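Asks: Next comes run13.txt, compact mmCIF, N, CA and C atoms and all ligand atoms:
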```
# COMPACT_ATOMS: atom_id res chain seq x y z
N MET A 1 -12.23 -13.01 12.22
CA MET A 1 -12.18 -12.23 10.96
C MET A 1 -11.16 -11.10 11.10
N SER A 2 -10.20 -11.03 10.16
CA SER A 2 -9.26 -9.91 10.17
C SER A 2 -9.75 -8.85 9.17
N LYS A 3 -9.34 -7.61 9.43
CA LYS A 3 -9.74 -6.52 8.54
C LYS A 3 -8.48 -5.80 8.06
N VAL A 4 -8.33 -5.67 6.76
CA VAL A 4 -7.11 -5.08 6.19
C VAL A 4 -7.48 -3.90 5.29
N LEU A 5 -6.76 -2.82 5.48
CA LEU A 5 -6.97 -1.60 4.67
C LEU A 5 -5.90 -1.54 3.59
N ILE A 6 -6.32 -1.39 2.35
CA ILE A 6 -5.37 -1.30 1.24
C ILE A 6 -5.31 0.16 0.79
N LEU A 7 -4.16 0.77 1.03
CA LEU A 7 -3.98 2.20 0.74
C LEU A 7 -3.14 2.39 -0.51
N ASN A 8 -3.60 3.24 -1.39
CA ASN A 8 -2.83 3.59 -2.59
C ASN A 8 -2.67 5.10 -2.64
N GLY A 9 -1.43 5.53 -2.87
CA GLY A 9 -1.11 6.94 -2.87
C GLY A 9 -1.28 7.60 -4.24
N PRO A 10 -0.57 8.70 -4.46
CA PRO A 10 -0.82 9.56 -5.61
C PRO A 10 -0.53 8.89 -6.94
N ASN A 11 -1.40 9.21 -7.89
CA ASN A 11 -1.31 8.76 -9.29
C ASN A 11 -1.70 7.30 -9.49
N LEU A 12 -1.94 6.59 -8.40
CA LEU A 12 -2.29 5.17 -8.57
C LEU A 12 -3.75 5.02 -9.01
N ASN A 13 -4.53 6.09 -8.92
CA ASN A 13 -5.87 6.09 -9.53
C ASN A 13 -5.78 6.00 -11.05
N LEU A 14 -4.60 6.31 -11.61
CA LEU A 14 -4.42 6.29 -13.07
C LEU A 14 -3.91 4.95 -13.59
N LEU A 15 -3.85 3.95 -12.73
CA LEU A 15 -3.36 2.64 -13.20
C LEU A 15 -4.18 2.19 -14.40
N GLY A 16 -3.49 1.61 -15.36
CA GLY A 16 -4.17 1.22 -16.61
C GLY A 16 -3.95 2.25 -17.70
N LYS A 17 -3.84 3.53 -17.29
CA LYS A 17 -3.60 4.62 -18.26
C LYS A 17 -2.17 5.15 -18.12
N ARG A 18 -1.65 5.05 -16.91
CA ARG A 18 -0.38 5.70 -16.57
C ARG A 18 0.80 4.79 -16.93
N GLU A 19 1.72 5.27 -17.78
CA GLU A 19 2.94 4.52 -18.12
C GLU A 19 2.70 2.99 -18.12
N PRO A 20 1.85 2.51 -19.02
CA PRO A 20 1.50 1.07 -18.98
C PRO A 20 2.70 0.15 -19.16
N GLU A 21 3.78 0.67 -19.78
CA GLU A 21 4.97 -0.18 -19.94
C GLU A 21 5.63 -0.46 -18.58
N ILE A 22 5.35 0.39 -17.60
CA ILE A 22 5.88 0.16 -16.24
C ILE A 22 4.81 -0.46 -15.34
N TYR A 23 3.60 0.11 -15.40
CA TYR A 23 2.59 -0.26 -14.41
C TYR A 23 1.49 -1.19 -14.94
N GLY A 24 1.56 -1.53 -16.25
CA GLY A 24 0.60 -2.49 -16.79
C GLY A 24 -0.71 -1.85 -17.23
N GLN A 25 -1.63 -2.71 -17.62
CA GLN A 25 -2.90 -2.27 -18.24
C GLN A 25 -4.07 -2.35 -17.26
N THR A 26 -3.83 -2.98 -16.12
CA THR A 26 -4.94 -3.22 -15.18
C THR A 26 -5.29 -1.93 -14.43
N THR A 27 -6.58 -1.67 -14.29
CA THR A 27 -6.99 -0.47 -13.55
C THR A 27 -7.03 -0.77 -12.04
N LEU A 28 -7.09 0.30 -11.26
CA LEU A 28 -7.18 0.14 -9.80
C LEU A 28 -8.47 -0.60 -9.43
N GLN A 29 -9.55 -0.29 -10.17
CA GLN A 29 -10.84 -0.96 -9.90
C GLN A 29 -10.72 -2.46 -10.16
N ASP A 30 -10.05 -2.83 -11.27
CA ASP A 30 -9.86 -4.27 -11.58
C ASP A 30 -9.03 -4.95 -10.50
N LEU A 31 -7.99 -4.25 -10.07
CA LEU A 31 -7.12 -4.80 -9.03
C LEU A 31 -7.93 -5.05 -7.75
N GLN A 32 -8.76 -4.06 -7.39
CA GLN A 32 -9.55 -4.18 -6.16
C GLN A 32 -10.53 -5.34 -6.25
N LYS A 33 -11.13 -5.51 -7.45
CA LYS A 33 -12.07 -6.63 -7.65
C LYS A 33 -11.35 -7.97 -7.48
N THR A 34 -10.16 -8.07 -8.11
CA THR A 34 -9.41 -9.32 -8.03
C THR A 34 -9.02 -9.61 -6.59
N LEU A 35 -8.56 -8.58 -5.87
CA LEU A 35 -8.13 -8.81 -4.48
C LEU A 35 -9.31 -9.22 -3.62
N SER A 36 -10.47 -8.60 -3.83
CA SER A 36 -11.65 -8.96 -3.03
C SER A 36 -12.03 -10.41 -3.29
N ALA A 37 -11.86 -10.86 -4.54
CA ALA A 37 -12.26 -12.23 -4.89
C ALA A 37 -11.25 -13.27 -4.42
N THR A 38 -10.00 -12.85 -4.17
CA THR A 38 -8.96 -13.84 -3.88
C THR A 38 -8.32 -13.67 -2.49
N ALA A 39 -8.86 -12.77 -1.68
CA ALA A 39 -8.27 -12.51 -0.36
C ALA A 39 -8.25 -13.79 0.47
N PRO A 40 -7.26 -13.92 1.36
CA PRO A 40 -7.23 -15.09 2.24
C PRO A 40 -8.55 -15.24 3.01
N ILE A 41 -8.82 -16.47 3.39
CA ILE A 41 -10.07 -16.77 4.09
C ILE A 41 -10.17 -15.93 5.38
N ASN A 42 -11.38 -15.48 5.66
CA ASN A 42 -11.65 -14.70 6.87
C ASN A 42 -10.94 -13.35 6.91
N MET A 43 -10.62 -12.81 5.74
CA MET A 43 -10.01 -11.48 5.70
C MET A 43 -10.95 -10.53 4.95
N GLN A 44 -11.30 -9.46 5.63
CA GLN A 44 -12.17 -8.45 5.02
C GLN A 44 -11.31 -7.28 4.54
N LEU A 45 -11.56 -6.80 3.32
CA LEU A 45 -10.73 -5.74 2.75
C LEU A 45 -11.49 -4.41 2.65
N GLU A 46 -10.73 -3.34 2.87
CA GLU A 46 -11.26 -2.00 2.60
C GLU A 46 -10.22 -1.28 1.74
N PHE A 47 -10.68 -0.47 0.79
CA PHE A 47 -9.75 0.20 -0.14
C PHE A 47 -9.84 1.71 0.02
N PHE A 48 -8.68 2.36 -0.11
CA PHE A 48 -8.66 3.83 -0.05
C PHE A 48 -7.52 4.34 -0.91
N GLN A 49 -7.82 5.29 -1.78
CA GLN A 49 -6.77 5.92 -2.61
C GLN A 49 -6.92 7.41 -2.47
N SER A 50 -5.79 8.12 -2.37
CA SER A 50 -5.85 9.58 -2.40
C SER A 50 -4.60 10.16 -3.07
N ASN A 51 -4.83 11.30 -3.71
CA ASN A 51 -3.71 12.07 -4.28
C ASN A 51 -3.27 13.17 -3.31
N HIS A 52 -3.88 13.20 -2.11
CA HIS A 52 -3.65 14.31 -1.17
C HIS A 52 -3.05 13.76 0.12
N GLU A 53 -1.88 14.21 0.42
CA GLU A 53 -1.13 13.65 1.54
C GLU A 53 -1.88 13.79 2.88
N GLY A 54 -2.45 14.98 3.11
CA GLY A 54 -3.17 15.21 4.38
C GLY A 54 -4.38 14.30 4.51
N ILE A 55 -5.07 14.06 3.41
CA ILE A 55 -6.24 13.17 3.45
C ILE A 55 -5.81 11.74 3.79
N MET A 56 -4.68 11.33 3.21
CA MET A 56 -4.17 9.98 3.52
C MET A 56 -3.76 9.90 5.00
N ILE A 57 -3.12 10.95 5.50
CA ILE A 57 -2.71 10.96 6.91
C ILE A 57 -3.94 10.92 7.82
N ASP A 58 -4.98 11.69 7.47
CA ASP A 58 -6.21 11.67 8.28
C ASP A 58 -6.84 10.28 8.29
N ARG A 59 -6.83 9.59 7.13
CA ARG A 59 -7.41 8.23 7.07
C ARG A 59 -6.64 7.30 8.02
N ILE A 60 -5.32 7.47 8.05
CA ILE A 60 -4.50 6.64 8.94
C ILE A 60 -4.78 6.99 10.41
N HIS A 61 -4.90 8.28 10.71
CA HIS A 61 -5.20 8.68 12.10
C HIS A 61 -6.54 8.11 12.58
N ASN A 62 -7.51 7.98 11.65
CA ASN A 62 -8.83 7.43 12.04
C ASN A 62 -8.71 6.03 12.63
N LEU A 63 -7.61 5.35 12.29
CA LEU A 63 -7.44 3.98 12.79
C LEU A 63 -7.20 3.95 14.30
N LEU A 64 -6.84 5.09 14.88
CA LEU A 64 -6.68 5.12 16.34
C LEU A 64 -8.03 4.92 17.02
N ASP A 65 -9.11 5.47 16.42
CA ASP A 65 -10.46 5.32 16.98
C ASP A 65 -11.13 4.05 16.47
N ASP A 66 -10.76 3.64 15.27
CA ASP A 66 -11.44 2.53 14.62
C ASP A 66 -10.37 1.57 14.06
N PRO A 67 -9.72 0.82 14.94
CA PRO A 67 -8.56 0.05 14.52
C PRO A 67 -8.91 -1.13 13.61
N LEU A 68 -7.92 -1.58 12.86
CA LEU A 68 -8.08 -2.81 12.10
C LEU A 68 -6.79 -3.62 12.18
N SER A 69 -6.80 -4.79 11.54
CA SER A 69 -5.72 -5.73 11.80
C SER A 69 -4.42 -5.41 11.07
N GLY A 70 -4.52 -4.88 9.85
CA GLY A 70 -3.30 -4.64 9.08
C GLY A 70 -3.53 -3.71 7.91
N ILE A 71 -2.42 -3.28 7.34
CA ILE A 71 -2.47 -2.34 6.21
C ILE A 71 -1.56 -2.86 5.10
N VAL A 72 -2.00 -2.71 3.86
CA VAL A 72 -1.12 -2.84 2.69
C VAL A 72 -1.05 -1.45 2.11
N ILE A 73 0.15 -0.93 1.93
CA ILE A 73 0.26 0.43 1.39
C ILE A 73 1.23 0.49 0.22
N ASN A 74 0.75 1.07 -0.86
CA ASN A 74 1.64 1.52 -1.93
C ASN A 74 1.64 3.04 -1.84
N PRO A 75 2.68 3.61 -1.24
CA PRO A 75 2.67 5.07 -1.03
C PRO A 75 2.99 5.86 -2.30
N GLY A 76 3.22 5.18 -3.43
CA GLY A 76 3.58 5.89 -4.66
C GLY A 76 4.80 6.75 -4.43
N ALA A 77 4.79 7.96 -4.98
CA ALA A 77 5.96 8.84 -4.86
C ALA A 77 6.21 9.30 -3.42
N TRP A 78 5.18 9.23 -2.56
CA TRP A 78 5.41 9.60 -1.14
C TRP A 78 6.42 8.67 -0.49
N THR A 79 6.59 7.48 -1.06
CA THR A 79 7.61 6.54 -0.56
C THR A 79 8.94 7.25 -0.35
N HIS A 80 9.26 8.10 -1.32
CA HIS A 80 10.60 8.69 -1.38
C HIS A 80 10.66 10.10 -0.79
N THR A 81 9.51 10.60 -0.31
CA THR A 81 9.48 12.00 0.12
C THR A 81 8.84 12.24 1.49
N SER A 82 7.94 11.35 1.94
CA SER A 82 7.03 11.77 3.01
C SER A 82 7.39 11.26 4.41
N ILE A 83 8.07 12.10 5.16
CA ILE A 83 8.30 11.80 6.58
C ILE A 83 6.98 11.89 7.34
N ALA A 84 6.08 12.77 6.87
CA ALA A 84 4.78 12.94 7.55
C ALA A 84 3.95 11.66 7.50
N LEU A 85 3.93 11.02 6.36
CA LEU A 85 3.16 9.77 6.23
C LEU A 85 3.84 8.65 7.02
N ARG A 86 5.13 8.63 7.01
CA ARG A 86 5.88 7.67 7.83
C ARG A 86 5.51 7.84 9.30
N ASP A 87 5.50 9.09 9.77
CA ASP A 87 5.20 9.35 11.18
C ASP A 87 3.77 8.91 11.53
N ALA A 88 2.85 9.08 10.59
CA ALA A 88 1.45 8.66 10.82
C ALA A 88 1.41 7.14 11.02
N LEU A 89 2.10 6.40 10.17
CA LEU A 89 2.10 4.93 10.29
C LEU A 89 2.81 4.50 11.57
N ALA A 90 3.87 5.22 11.93
CA ALA A 90 4.59 4.89 13.17
C ALA A 90 3.68 5.13 14.38
N ALA A 91 2.82 6.15 14.31
CA ALA A 91 1.96 6.51 15.44
C ALA A 91 0.90 5.45 15.70
N ILE A 92 0.36 4.85 14.64
CA ILE A 92 -0.78 3.93 14.88
C ILE A 92 -0.34 2.50 15.18
N LYS A 93 0.88 2.16 14.81
CA LYS A 93 1.45 0.84 15.17
C LYS A 93 0.71 -0.36 14.57
N THR A 94 -0.08 -0.17 13.55
CA THR A 94 -0.73 -1.30 12.87
C THR A 94 0.30 -1.92 11.92
N PRO A 95 0.44 -3.26 11.91
CA PRO A 95 1.43 -3.85 10.99
C PRO A 95 1.08 -3.55 9.53
N PHE A 96 2.10 -3.19 8.76
CA PHE A 96 1.83 -2.89 7.35
C PHE A 96 2.86 -3.51 6.44
N VAL A 97 2.42 -3.79 5.22
CA VAL A 97 3.30 -4.27 4.16
C VAL A 97 3.37 -3.19 3.10
N GLU A 98 4.60 -2.84 2.71
CA GLU A 98 4.83 -1.83 1.66
C GLU A 98 4.92 -2.53 0.31
N VAL A 99 4.13 -2.06 -0.64
CA VAL A 99 4.10 -2.69 -1.97
C VAL A 99 4.45 -1.66 -3.04
N HIS A 100 5.28 -2.11 -3.99
CA HIS A 100 5.51 -1.33 -5.22
C HIS A 100 5.30 -2.25 -6.40
N ILE A 101 4.54 -1.77 -7.35
CA ILE A 101 4.26 -2.57 -8.55
C ILE A 101 5.55 -2.79 -9.33
N SER A 102 6.33 -1.73 -9.48
CA SER A 102 7.58 -1.82 -10.23
C SER A 102 8.74 -2.14 -9.28
N ASN A 103 9.85 -2.56 -9.85
CA ASN A 103 11.06 -2.77 -9.05
C ASN A 103 11.76 -1.43 -8.90
N VAL A 104 11.43 -0.74 -7.80
CA VAL A 104 11.96 0.61 -7.59
C VAL A 104 13.50 0.62 -7.55
N HIS A 105 14.10 -0.51 -7.19
CA HIS A 105 15.57 -0.57 -7.09
C HIS A 105 16.25 -0.67 -8.45
N GLY A 106 15.49 -0.97 -9.47
CA GLY A 106 16.04 -1.02 -10.83
C GLY A 106 15.74 0.24 -11.61
N ARG A 107 15.20 1.24 -10.92
CA ARG A 107 14.80 2.48 -11.60
C ARG A 107 15.71 3.64 -11.14
N GLU A 108 15.25 4.87 -11.31
CA GLU A 108 16.07 6.04 -10.99
C GLU A 108 16.54 6.00 -9.52
N ALA A 109 17.70 6.58 -9.28
CA ALA A 109 18.29 6.54 -7.92
C ALA A 109 17.35 7.13 -6.87
N PHE A 110 16.55 8.16 -7.24
CA PHE A 110 15.68 8.78 -6.23
C PHE A 110 14.58 7.84 -5.75
N ARG A 111 14.37 6.73 -6.49
CA ARG A 111 13.36 5.76 -6.06
C ARG A 111 13.95 4.67 -5.17
N HIS A 112 15.25 4.70 -4.92
CA HIS A 112 15.87 3.61 -4.17
C HIS A 112 15.66 3.75 -2.67
N HIS A 113 15.39 4.97 -2.22
CA HIS A 113 15.19 5.15 -0.78
C HIS A 113 13.70 5.21 -0.44
N SER A 114 13.34 4.51 0.64
CA SER A 114 11.96 4.55 1.12
C SER A 114 11.96 5.02 2.56
N TYR A 115 11.02 5.91 2.90
CA TYR A 115 10.84 6.33 4.29
C TYR A 115 10.03 5.32 5.11
N PHE A 116 9.61 4.21 4.48
CA PHE A 116 8.68 3.27 5.13
C PHE A 116 9.28 1.91 5.44
N SER A 117 10.30 1.51 4.64
CA SER A 117 10.71 0.10 4.65
C SER A 117 11.17 -0.40 6.01
N ASP A 118 11.85 0.45 6.79
CA ASP A 118 12.37 -0.04 8.07
C ASP A 118 11.25 -0.26 9.10
N LEU A 119 10.08 0.36 8.86
CA LEU A 119 8.95 0.16 9.78
C LEU A 119 8.04 -0.97 9.32
N ALA A 120 8.21 -1.37 8.05
CA ALA A 120 7.27 -2.33 7.46
C ALA A 120 7.53 -3.75 7.93
N LEU A 121 6.45 -4.53 7.97
CA LEU A 121 6.57 -5.97 8.24
C LEU A 121 7.28 -6.64 7.07
N ALA A 122 6.99 -6.17 5.85
CA ALA A 122 7.62 -6.72 4.65
C ALA A 122 7.55 -5.67 3.55
N VAL A 123 8.42 -5.83 2.57
CA VAL A 123 8.45 -4.92 1.42
C VAL A 123 8.43 -5.78 0.17
N ILE A 124 7.53 -5.45 -0.76
CA ILE A 124 7.39 -6.23 -1.99
C ILE A 124 7.51 -5.25 -3.16
N ALA A 125 8.43 -5.51 -4.06
CA ALA A 125 8.62 -4.61 -5.21
C ALA A 125 8.90 -5.42 -6.45
N GLY A 126 8.31 -5.00 -7.56
CA GLY A 126 8.65 -5.60 -8.85
C GLY A 126 7.83 -6.84 -9.20
N CYS A 127 6.82 -7.15 -8.42
CA CYS A 127 5.99 -8.33 -8.71
C CYS A 127 4.71 -7.93 -9.43
N GLY A 128 4.63 -6.69 -9.85
CA GLY A 128 3.41 -6.23 -10.51
C GLY A 128 2.25 -6.23 -9.53
N TYR A 129 1.05 -6.44 -10.07
CA TYR A 129 -0.15 -6.40 -9.24
C TYR A 129 -0.19 -7.55 -8.24
N ALA A 130 0.49 -8.64 -8.60
CA ALA A 130 0.51 -9.81 -7.71
C ALA A 130 1.08 -9.44 -6.35
N GLY A 131 1.90 -8.39 -6.29
CA GLY A 131 2.50 -7.98 -5.04
C GLY A 131 1.47 -7.67 -3.95
N TYR A 132 0.31 -7.15 -4.36
CA TYR A 132 -0.73 -6.85 -3.37
C TYR A 132 -1.27 -8.15 -2.75
N GLY A 133 -1.43 -9.17 -3.61
CA GLY A 133 -1.89 -10.47 -3.11
C GLY A 133 -0.86 -11.10 -2.18
N PHE A 134 0.42 -10.98 -2.55
CA PHE A 134 1.49 -11.52 -1.68
C PHE A 134 1.48 -10.79 -0.32
N ALA A 135 1.18 -9.49 -0.37
CA ALA A 135 1.14 -8.71 0.87
C ALA A 135 0.00 -9.21 1.77
N LEU A 136 -1.14 -9.53 1.17
CA LEU A 136 -2.27 -10.04 1.99
C LEU A 136 -1.90 -11.39 2.60
N GLU A 137 -1.22 -12.24 1.82
CA GLU A 137 -0.81 -13.55 2.36
C GLU A 137 0.19 -13.36 3.51
N THR A 138 1.08 -12.39 3.34
CA THR A 138 2.07 -12.11 4.40
C THR A 138 1.38 -11.68 5.69
N LEU A 139 0.38 -10.79 5.55
CA LEU A 139 -0.35 -10.34 6.74
C LEU A 139 -1.13 -11.50 7.36
N HIS A 140 -1.75 -12.32 6.51
CA HIS A 140 -2.55 -13.46 6.98
C HIS A 140 -1.66 -14.38 7.85
N LYS A 141 -0.47 -14.66 7.36
CA LYS A 141 0.46 -15.54 8.10
C LYS A 141 0.87 -14.85 9.41
N HIS A 142 1.12 -13.55 9.33
CA HIS A 142 1.52 -12.80 10.53
C HIS A 142 0.40 -12.87 11.59
N PHE A 143 -0.86 -12.71 11.17
CA PHE A 143 -1.96 -12.76 12.15
C PHE A 143 -2.06 -14.15 12.79
N LYS A 144 -1.82 -15.18 11.97
CA LYS A 144 -1.92 -16.56 12.48
C LYS A 144 -0.80 -16.83 13.49
N ASP A 145 0.40 -16.29 13.20
CA ASP A 145 1.58 -16.58 14.03
C ASP A 145 1.63 -15.74 15.30
N SER A 146 0.89 -14.62 15.31
CA SER A 146 1.05 -13.73 16.49
C SER A 146 -0.18 -13.76 17.40
C1 LIG B 201 5.46 2.93 -7.21
C2 LIG B 201 6.92 3.36 -7.42
C3 LIG B 201 7.11 4.83 -7.07
O1 LIG B 201 8.47 5.20 -7.26
C4 LIG B 201 6.25 5.68 -7.95
O2 LIG B 201 6.37 7.05 -7.61
C5 LIG B 201 4.82 5.26 -7.95
C6 LIG B 201 4.50 3.84 -7.96
C7 LIG B 201 5.22 1.49 -7.70
O3 LIG B 201 4.14 0.95 -7.37
O4 LIG B 201 6.04 0.90 -8.40
O5 LIG B 201 3.91 6.09 -8.03
O6 LIG B 201 5.18 2.98 -5.83
```
Can you present the structure in this file as structure tokens?
Replies:
Amino acid sequence: MSKVLILNGPNLNLLGKREPEIYGQTTLQDLQKTLSATAPINMQLEFFQSNHEGIMIDRIHNLLDDPLSGIVINPGAWTHTSIALRDALAAIKTPFVEVHISNVHGREAFRHHSYFSDLALAVIAGCGYAGYGFALETLHKHFKDS
């Protein structure tokens, strides 16, 4: 059994209400329900969302004492700003997939740079909510191959 933590950063608690023309109508709760129902076989999911950078970093540090197999992270705006969150992920060495609901490369220039992509196993952007499912499949294949 593999265990995967799905992390969502700031403002992603507002999915469904926030800029629906970009992020769609589905809420974070709906997304979590769908992912739990469709996760690859033998994969257990845990979900965590925070609007507070230090709280997210502490959750990642906890993995040193209580490790799991992989992470899916949508860092939200921290993607483009947070060296601290990058360093936390680099410290724990758990394989992670970076997900963006929107195609960040087709948006404002400040969204084109990510502090995470070079450390990530894979990066998925612009596939909407399906990107989280693709990230789980990517991790599943990675666990099987390694
Ligand atoms: C996002 C893209 C980021 O630029 C933005 O700040 C978000 C969401 C996405 O999922 O498309 O909050 O990560």
Asks: Can you list, as a ChimeraX atom specification, all residues belonging to range 28-122 of chain A that DSSP tags as helix (DSSP H, G or I)?
Replies: /A:28-38,53-64,76-80,83-92,104-106,109-111
Asks: How big is the axis-aligned box around all listed atoms of range 128-133 of chain A once 8 Å goes on each side, and where's its centre, in Å to one decimal, as AutoDock Vina command-line options?
Replies:
```
--center_x 1.4 --center_y -8.7 --center_z -6.3 --size_x 22.5 --size_y 20.9 --size_z 24.3
```
Asks: Rank nothing, just name the residue among A:Val123, A:Leu14, A:Val104, A:Ala84 nearest to ligand LIG 201 (chain B), using all atoms listed in the file.
Replies: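 Once distances to ligand LIG 201 (chain B) are computed over all atoms listed in the file, the minimum belongs to A:Val104.
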Asks: Between A:Ala77, A:Leu136, A:Ala120, A:Ala37, which is the closest to ligand LIG 201 (chain B) once you count only C-alpha atoms and all ligand atoms?
Replies: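 Closest to ligand LIG 201 (chain B) of all the choices is A:Ala77.
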Asks: Residues contacting ligand LIG 201 (chain B) - anything with an atom at most 6.5 Å away, using all atoms listed in the file - can you give me those as a ChimeraX atom specification?
Replies: /A:10-12,74-78,99-104,111,126
